[in-house]
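S.K.: Input entry_1.pdb, format and content: PDB, N, CA and C atoms.
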ATOM      1  N   MET A   1       0.845  -1.174   0.000
ATOM      2  CA  MET A   1       0.000   0.000   0.000
ATOM      3  C   MET A   1       0.891   1.237   0.000
ATOM      4  N   ASP A   2       0.560   2.202  -0.825
ATOM      5  CA  ASP A   2       1.338   3.422  -0.982
ATOM      6  C   ASP A   2       1.266   4.275   0.288
ATOM      7  N   GLN A   3       2.423   4.655   0.816
ATOM      8  CA  GLN A   3       2.487   5.452   2.040
ATOM      9  C   GLN A   3       1.768   6.793   1.887
ATOM     10  N   ARG A   4       1.841   7.398   0.712
ATOM     11  CA  ARG A   4       1.149   8.690   0.499
ATOM     12  C   ARG A   4      -0.358   8.527   0.614
ATOM     13  N   LEU A   5      -0.889   7.413   0.142
ATOM     14  CA  LEU A   5      -2.319   7.152   0.251
ATOM     15  C   LEU A   5      -2.722   6.985   1.716
ATOM     16  N   ILE A   6      -1.927   6.246   2.456
ATOM     17  CA  ILE A   6      -2.218   6.050   3.870
ATOM     18  C   ILE A   6      -2.255   7.388   4.600
ATOM     19  N   GLU A   7      -1.324   8.276   4.289
ATOM     20  CA  GLU A   7      -1.259   9.577   4.952
ATOM     21  C   GLU A   7      -2.465  10.460   4.632
ATOM     22  N   MET A   8      -3.120  10.254   3.502
ATOM     23  CA  MET A   8      -4.290  11.061   3.129
ATOM     24  C   MET A   8      -5.587  10.556   3.752
ATOM     25  N   LEU A   9      -5.605   9.305   4.183
ATOM     26  CA  LEU A   9      -6.829   8.734   4.736
ATOM     27  C   LEU A   9      -7.106   9.257   6.137
ATOM     28  N   VAL A  10      -8.383   9.425   6.444
ATOM     29  CA  VAL A  10      -8.825   9.810   7.782
ATOM     30  C   VAL A  10      -9.928   8.848   8.215
ATOM     31  N   CYS A  11     -10.253   8.877   9.481
ATOM     32  CA  CYS A  11     -11.318   8.030  10.001
ATOM     33  C   CYS A  11     -12.641   8.396   9.331
ATOM     34  N   PRO A  12     -13.386   7.429   8.819
ATOM     35  CA  PRO A  12     -14.654   7.740   8.155
ATOM     36  C   PRO A  12     -15.740   8.215   9.128
ATOM     37  N   LEU A  13     -15.547   7.997  10.423
ATOM     38  CA  LEU A  13     -16.557   8.405  11.395
ATOM     39  C   LEU A  13     -16.302   9.805  11.944
ATOM     40  N   CYS A  14     -15.079  10.052  12.426
ATOM     41  CA  CYS A  14     -14.804  11.342  13.074
ATOM     42  C   CYS A  14     -13.877  12.242  12.265
ATOM     43  N   LYS A  15     -13.359  11.747  11.151
ATOM     44  CA  LYS A  15     -12.420  12.470  10.281
ATOM     45  C   LYS A  15     -11.088  12.753  10.966
ATOM     46  N   GLY A  16     -10.785  11.992  12.015
ATOM     47  CA  GLY A  16      -9.532  12.153  12.750
ATOM     48  C   GLY A  16      -8.392  11.398  12.097
ATOM     49  N   PRO A  17      -7.162  11.597  12.601
ATOM     50  CA  PRO A  17      -5.987  10.913  12.042
ATOM     51  C   PRO A  17      -6.012   9.419  12.348
ATOM     52  N   LEU A  18      -5.331   8.664  11.509
ATOM     53  CA  LEU A  18      -5.239   7.216  11.660
ATOM     54  C   LEU A  18      -3.802   6.818  11.948
ATOM     55  N   THR A  19      -3.642   5.688  12.606
ATOM     56  CA  THR A  19      -2.319   5.130  12.846
ATOM     57  C   THR A  19      -2.271   3.738  12.248
ATOM     58  N   LEU A  20      -1.108   3.366  11.746
ATOM     59  CA  LEU A  20      -0.924   2.060  11.123
ATOM     60  C   LEU A  20      -0.565   1.033  12.185
ATOM     61  N   LEU A  21      -1.349  -0.036  12.255
ATOM     62  CA  LEU A  21      -1.082  -1.136  13.178
ATOM     63  C   LEU A  21      -0.537  -2.300  12.373
ATOM     64  N   ARG A  22       0.537  -2.883  12.851
ATOM     65  CA  ARG A  22       1.126  -4.025  12.144
ATOM     66  C   ARG A  22       1.108  -5.283  12.980
ATOM     67  N   GLU A  23       0.461  -5.235  14.127
ATOM     68  CA  GLU A  23       0.398  -6.419  14.978
ATOM     69  C   GLU A  23      -0.808  -7.273  14.613
ATOM     70  N   GLY A  24      -0.867  -8.464  15.127
ATOM     71  CA  GLY A  24      -2.021  -9.327  14.887
ATOM     72  C   GLY A  24      -1.967 -10.005  13.538
ATOM     73  N   GLU A  25      -3.104 -10.563  13.142
ATOM     74  CA  GLU A  25      -3.153 -11.338  11.902
ATOM     75  C   GLU A  25      -3.170 -10.476  10.643
ATOM     76  N   LEU A  26      -3.826  -9.318  10.684
ATOM     77  CA  LEU A  26      -3.884  -8.417   9.531
ATOM     78  C   LEU A  26      -3.446  -7.029   9.930
ATOM     79  N   PRO A  27      -2.767  -6.308   9.034
ATOM     80  CA  PRO A  27      -2.490  -4.897   9.334
ATOM     81  C   PRO A  27      -3.807  -4.122   9.341
ATOM     82  N   ALA A  28      -3.805  -2.980  10.011
ATOM     83  CA  ALA A  28      -5.027  -2.187  10.121
ATOM     84  C   ALA A  28      -4.678  -0.716  10.280
ATOM     85  N   LEU A  29      -5.650   0.134   9.990
ATOM     86  CA  LEU A  29      -5.565   1.560  10.267
ATOM     87  C   LEU A  29      -6.476   1.825  11.456
ATOM     88  N   ALA A  30      -5.937   2.437  12.495
ATOM     89  CA  ALA A  30      -6.696   2.613  13.727
ATOM     90  C   ALA A  30      -6.973   4.077  14.024
ATOM     91  N   CYS A  31      -8.140   4.314  14.596
ATOM     92  CA  CYS A  31      -8.542   5.646  15.046
ATOM     93  C   CYS A  31      -8.546   5.628  16.571
ATOM     94  N   ARG A  32      -7.689   6.436  17.171
ATOM     95  CA  ARG A  32      -7.588   6.495  18.626
ATOM     96  C   ARG A  32      -8.860   7.078  19.234
ATOM     97  N   ALA A  33      -9.457   8.089  18.606
ATOM     98  CA  ALA A  33     -10.652   8.748  19.147
ATOM     99  C   ALA A  33     -11.847   7.801  19.208
ATOM    100  N   ASP A  34     -12.061   7.022  18.148
ATOM    101  CA  ASP A  34     -13.200   6.101  18.100
ATOM    102  C   ASP A  34     -12.869   4.714  18.634
ATOM    103  N   ARG A  35     -11.567   4.458  18.872
ATOM    104  CA  ARG A  35     -11.096   3.166  19.375
ATOM    105  C   ARG A  35     -11.503   2.025  18.439
ATOM    106  N   LEU A  36     -11.326   2.278  17.133
ATOM    107  CA  LEU A  36     -11.644   1.283  16.110
ATOM    108  C   LEU A  36     -10.430   1.046  15.224
ATOM    109  N   ALA A  37     -10.292  -0.182  14.724
ATOM    110  CA  ALA A  37      -9.240  -0.534  13.780
ATOM    111  C   ALA A  37      -9.893  -1.046  12.497
ATOM    112  N   PHE A  38      -9.552  -0.413  11.388
ATOM    113  CA  PHE A  38     -10.084  -0.781  10.080
ATOM    114  C   PHE A  38      -9.064  -1.684   9.388
ATOM    115  N   PRO A  39      -9.436  -2.913   9.035
ATOM    116  CA  PRO A  39      -8.471  -3.862   8.465
ATOM    117  C   PRO A  39      -7.996  -3.458   7.073
ATOM    118  N   ILE A  40      -6.798  -3.912   6.757
ATOM    119  CA  ILE A  40      -6.240  -3.751   5.406
ATOM    120  C   ILE A  40      -6.140  -5.152   4.824
ATOM    121  N   ARG A  41      -6.879  -5.409   3.756
ATOM    122  CA  ARG A  41      -6.857  -6.730   3.110
ATOM    123  C   ARG A  41      -6.376  -6.579   1.671
ATOM    124  N   ASP A  42      -5.402  -7.377   1.310
ATOM    125  CA  ASP A  42      -4.814  -7.341  -0.032
ATOM    126  C   ASP A  42      -4.381  -5.925  -0.405
ATOM    127  N   GLY A  43      -3.871  -5.180   0.579
ATOM    128  CA  GLY A  43      -3.379  -3.828   0.332
ATOM    129  C   GLY A  43      -4.456  -2.769   0.244
ATOM    130  N   ILE A  44      -5.698  -3.134   0.522
ATOM    131  CA  ILE A  44      -6.822  -2.197   0.421
ATOM    132  C   ILE A  44      -7.430  -1.987   1.806
ATOM    133  N   PRO A  45      -7.439  -0.729   2.304
ATOM    134  CA  PRO A  45      -8.068  -0.487   3.604
ATOM    135  C   PRO A  45      -9.587  -0.547   3.492
ATOM    136  N   LEU A  46     -10.208  -1.278   4.396
ATOM    137  CA  LEU A  46     -11.674  -1.395   4.415
ATOM    138  C   LEU A  46     -12.203  -0.379   5.414
ATOM    139  N   MET A  47     -12.557   0.792   4.910
ATOM    140  CA  MET A  47     -12.924   1.925   5.752
ATOM    141  C   MET A  47     -14.435   1.977   5.988
ATOM    142  N   LEU A  48     -14.995   0.844   6.373
ATOM    143  CA  LEU A  48     -16.422   0.748   6.669
ATOM    144  C   LEU A  48     -16.597   0.455   8.151
ATOM    145  N   GLU A  49     -17.553   1.120   8.787
ATOM    146  CA  GLU A  49     -17.800   0.902  10.203
ATOM    147  C   GLU A  49     -18.124  -0.567  10.483
ATOM    148  N   SER A  50     -18.824  -1.206   9.554
ATOM    149  CA  SER A  50     -19.198  -2.609   9.736
ATOM    150  C   SER A  50     -17.994  -3.553   9.693
ATOM    151  N   GLU A  51     -16.889  -3.145   9.089
ATOM    152  CA  GLU A  51     -15.675  -3.963   9.002
ATOM    153  C   GLU A  51     -14.712  -3.688  10.156
ATOM    154  N   ALA A  52     -14.897  -2.575  10.859
ATOM    155  CA  ALA A  52     -13.987  -2.169  11.924
ATOM    156  C   ALA A  52     -14.112  -3.072  13.145
ATOM    157  N   LYS A  53     -12.991  -3.200  13.860
ATOM    158  CA  LYS A  53     -12.965  -3.977  15.093
ATOM    159  C   LYS A  53     -12.579  -3.053  16.244
ATOM    160  N   SER A  54     -13.072  -3.388  17.403
ATOM    161  CA  SER A  54     -12.743  -2.627  18.595
ATOM    162  C   SER A  54     -11.235  -2.685  18.823
ATOM    163  N   TRP A  55     -10.643  -1.550  19.249
ATOM    164  CA  TRP A  55      -9.207  -1.469  19.465
ATOM    165  C   TRP A  55      -8.950  -0.675  20.727
ATOM    166  N   ASP A  56      -8.114  -1.193  21.596
ATOM    167  CA  ASP A  56      -7.761  -0.497  22.828
ATOM    168  C   ASP A  56      -6.356   0.071  22.675
ATOM    169  N   PRO A  57      -6.242   1.383  22.435
ATOM    170  CA  PRO A  57      -4.915   1.970  22.221
ATOM    171  C   PRO A  57      -4.023   1.902  23.447
ATOM    172  N   ASP A  58      -4.603   1.796  24.644
ATOM    173  CA  ASP A  58      -3.802   1.741  25.862
ATOM    174  C   ASP A  58      -3.176   0.365  26.067
ATOM    175  N   ALA A  59      -3.780  -0.687  25.516
ATOM    176  CA  ALA A  59      -3.269  -2.039  25.676
ATOM    177  C   ALA A  59      -2.307  -2.438  24.570
ATOM    178  N   ALA A  60      -2.307  -1.703  23.468
ATOM    179  CA  ALA A  60      -1.470  -2.045  22.314
ATOM    180  C   ALA A  60      -0.110  -1.361  22.397
ATOM    181  N   PRO A  61       0.921  -1.942  21.740
ATOM    182  CA  PRO A  61       2.213  -1.250  21.659
ATOM    183  C   PRO A  61       2.066   0.015  20.829
ATOM    184  N   PRO A  62       2.964   0.981  20.962
ATOM    185  CA  PRO A  62       2.828   2.244  20.231
ATOM    186  C   PRO A  62       2.795   2.030  18.717
ATOM    187  N   PRO A  63       1.745   2.510  18.032
ATOM    188  CA  PRO A  63       1.657   2.369  16.576
ATOM    189  C   PRO A  63       2.469   3.442  15.863
ATOM    190  N   VAL A  64       2.567   3.305  14.550
ATOM    191  CA  VAL A  64       3.245   4.295  13.718
ATOM    192  C   VAL A  64       2.230   5.383  13.396
ATOM    193  N   THR A  65       2.509   6.643  13.740
ATOM    194  CA  THR A  65       1.584   7.740  13.465
ATOM    195  C   THR A  65       1.702   8.143  12.006
ATOM    196  N   LEU A  66       0.563   8.287  11.329
ATOM    197  CA  LEU A  66       0.551   8.608   9.901
ATOM    198  C   LEU A  66       0.189  10.058   9.622
ATOM    199  N   ALA A  67      -0.733  10.602  10.361
ATOM    200  CA  ALA A  67      -1.172  11.974  10.105
ATOM    201  C   ALA A  67      -0.867  12.831  11.324
ATOM    202  N   PRO A  68      -0.452  14.095  11.122
ATOM    203  CA  PRO A  68      -0.132  14.958  12.272
ATOM    204  C   PRO A  68      -1.358  15.339  13.049
TER     205      PRO A  68
END
Translate this structure into structure tokens?

M.R.:
Amino acid sequence: MDQRLIEMLVCPLCKGPLTLLREGELPALACRADRLAFPIRDGIPLMLESEAKSWDPDAAPPPVTLAP
């Protein structure tokens, strides 16, 4: 997935910045404000609320910040 594309994406719910998660079975883009992680499958981020999984930013290791 192109890094420039990742940097342009925002959370579809709150329009906040996303962080790239590389832990677990699939990479994901996570929103700290909504505490949701949107999976990336075959290099394509699935930015749908129905595809998102609950994410606890306090329990996870520090992610890579993508947007300021």

S.K.: Quick one: residues within 8 Å of A:Leu13, only N, CA and C atoms counted, chain neighbours fewer than 2 positions away excluded, as number ranges by chain?

M.R.: A: 10-11, 15-16, 34, 47-49

S.K.: With N, CA and C atoms retained, could you export that selection as a PDB file, in the coordinates of the input?

M.R.:
ATOM      1  N   VAL A  10      -8.383   9.425   6.444  1.00  0.00           N
ATOM      2  CA  VAL A  10      -8.825   9.810   7.782  1.00  0.00           C
ATOM      3  C   VAL A  10      -9.928   8.848   8.215  1.00  0.00           C
ATOM      4  N   CYS A  11     -10.253   8.877   9.481  1.00  0.00           N
ATOM      5  CA  CYS A  11     -11.318   8.030  10.001  1.00  0.00           C
ATOM      6  C   CYS A  11     -12.641   8.396   9.331  1.00  0.00           C
ATOM      7  N   LYS A  15     -13.359  11.747  11.151  1.00  0.00           N
ATOM      8  CA  LYS A  15     -12.420  12.470  10.281  1.00  0.00           C
ATOM      9  C   LYS A  15     -11.088  12.753  10.966  1.00  0.00           C
ATOM     10  N   GLY A  16     -10.785  11.992  12.015  1.00  0.00           N
ATOM     11  CA  GLY A  16      -9.532  12.153  12.750  1.00  0.00           C
ATOM     12  C   GLY A  16      -8.392  11.398  12.097  1.00  0.00           C
ATOM     13  N   ASP A  34     -12.061   7.022  18.148  1.00  0.00           N
ATOM     14  CA  ASP A  34     -13.200   6.101  18.100  1.00  0.00           C
ATOM     15  C   ASP A  34     -12.869   4.714  18.634  1.00  0.00           C
ATOM     16  N   MET A  47     -12.557   0.792   4.910  1.00  0.00           N
ATOM     17  CA  MET A  47     -12.924   1.925   5.752  1.00  0.00           C
ATOM     18  C   MET A  47     -14.435   1.977   5.988  1.00  0.00           C
ATOM     19  N   LEU A  48     -14.995   0.844   6.373  1.00  0.00           N
ATOM     20  CA  LEU A  48     -16.422   0.748   6.669  1.00  0.00           C
ATOM     21  C   LEU A  48     -16.597   0.455   8.151  1.00  0.00           C
ATOM     22  N   GLU A  49     -17.553   1.120   8.787  1.00  0.00           N
ATOM     23  CA  GLU A  49     -17.800   0.902  10.203  1.00  0.00           C
ATOM     24  C   GLU A  49     -18.124  -0.567  10.483  1.00  0.00           C
TER      25      GLU A  49
END

S.K.: Grab the atom CA of A:Asp56 to atom CA of A:Pro27 distance for me, in Å with one decimal place.

M.R.: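 Spanning atom CA of A:Asp56 to atom CA of A:Pro27 is a straight-line distance of 15.1 Å.
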
S.K.: Taking the backbone alone, and naming residues the way the document does, which bits of chain A are strand (DSSP E or B) by DSSP, as a list in words?

M.R.: Thr19, Leu20, Leu21, Ala28, Leu29, Ala30, Cys31, Leu36, Ala37, Phe38, Pro39, Ile40, Arg41, Ile44, Pro45, Lys53, Ser54, Val64 and Thr65 of chain A

S.K.: When distances are computed from only N, CA and C atoms, which of A:Ala59, A:Ala52, A:Leu5, A:Glu23 shows the smallest separation from A:Ala37?

M.R.: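 Checking each candidate against A:Ala37, we get A:Ala52 as the closest.
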
S.K.: Record the distance separating atom CA of A:Trp55 and atom N of A:Arg41, expressed in Å with one decimal.

M.R.: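 Computed distance, atom CA of A:Trp55 to atom N of A:Arg41, equals 16.4 Å.
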
S.K.: Can you list what the PyMOL selection byres (((chain A and resi 30 and name CA) around 8) and name CA) grabs from this structure, as a PyMOL selection string?

M.R.: chain A and resi 18-21+28-29+31-32+35-38+55

S.K.: Quick one, how far is atom N of A:Asp42 from atom CA of A:Asp58?

M.R.: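 Calculated distance between atom N of A:Asp42 and atom CA of A:Asp58 is 26.2 Å.
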
S.K.: Using only N, CA and C atoms, which residue out of A:Lys53, A:Ala33, A:Pro39, A:Arg4 lies closest to A:Pro17?

M.R.: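 Nearest to A:Pro17: A:Ala33.
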
S.K.: Looking at A:Leu26, A:Glu51, A:Ile44, A:Pro57, which one is nearest to A:Leu9, with distances taken over only C-alpha atoms?

M.R.: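 Nearest to A:Leu9: A:Ile44.
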
S.K.: Enumerate as a tab-separated table (two decimals) with N, CA and C atoms, keeping the file's coordinate frame all residues of chain A assigned to alpha helix (DSSP H) by DSSP on the backbone, naming them with the chain letters and numbers the document uses.

M.R.:
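Output below, filename part_11.tsv:
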chain	number	residue	atom	x	y	z
A	3	GLN	N	2.42	4.66	0.82
A	3	GLN	CA	2.49	5.45	2.04
A	3	GLN	C	1.77	6.79	1.89
A	4	ARG	N	1.84	7.40	0.71
A	4	ARG	CA	1.15	8.69	0.50
A	4	ARG	C	-0.36	8.53	0.61
A	5	LEU	N	-0.89	7.41	0.14
A	5	LEU	CA	-2.32	7.15	0.25
A	5	LEU	C	-2.72	6.98	1.72
A	6	ILE	N	-1.93	6.25	2.46
A	6	ILE	CA	-2.22	6.05	3.87
A	6	ILE	C	-2.26	7.39	4.60
A	7	GLU	N	-1.32	8.28	4.29
A	7	GLU	CA	-1.26	9.58	4.95
A	7	GLU	C	-2.46	10.46	4.63
A	8	MET	N	-3.12	10.25	3.50
A	8	MET	CA	-4.29	11.06	3.13
A	8	MET	C	-5.59	10.56	3.75
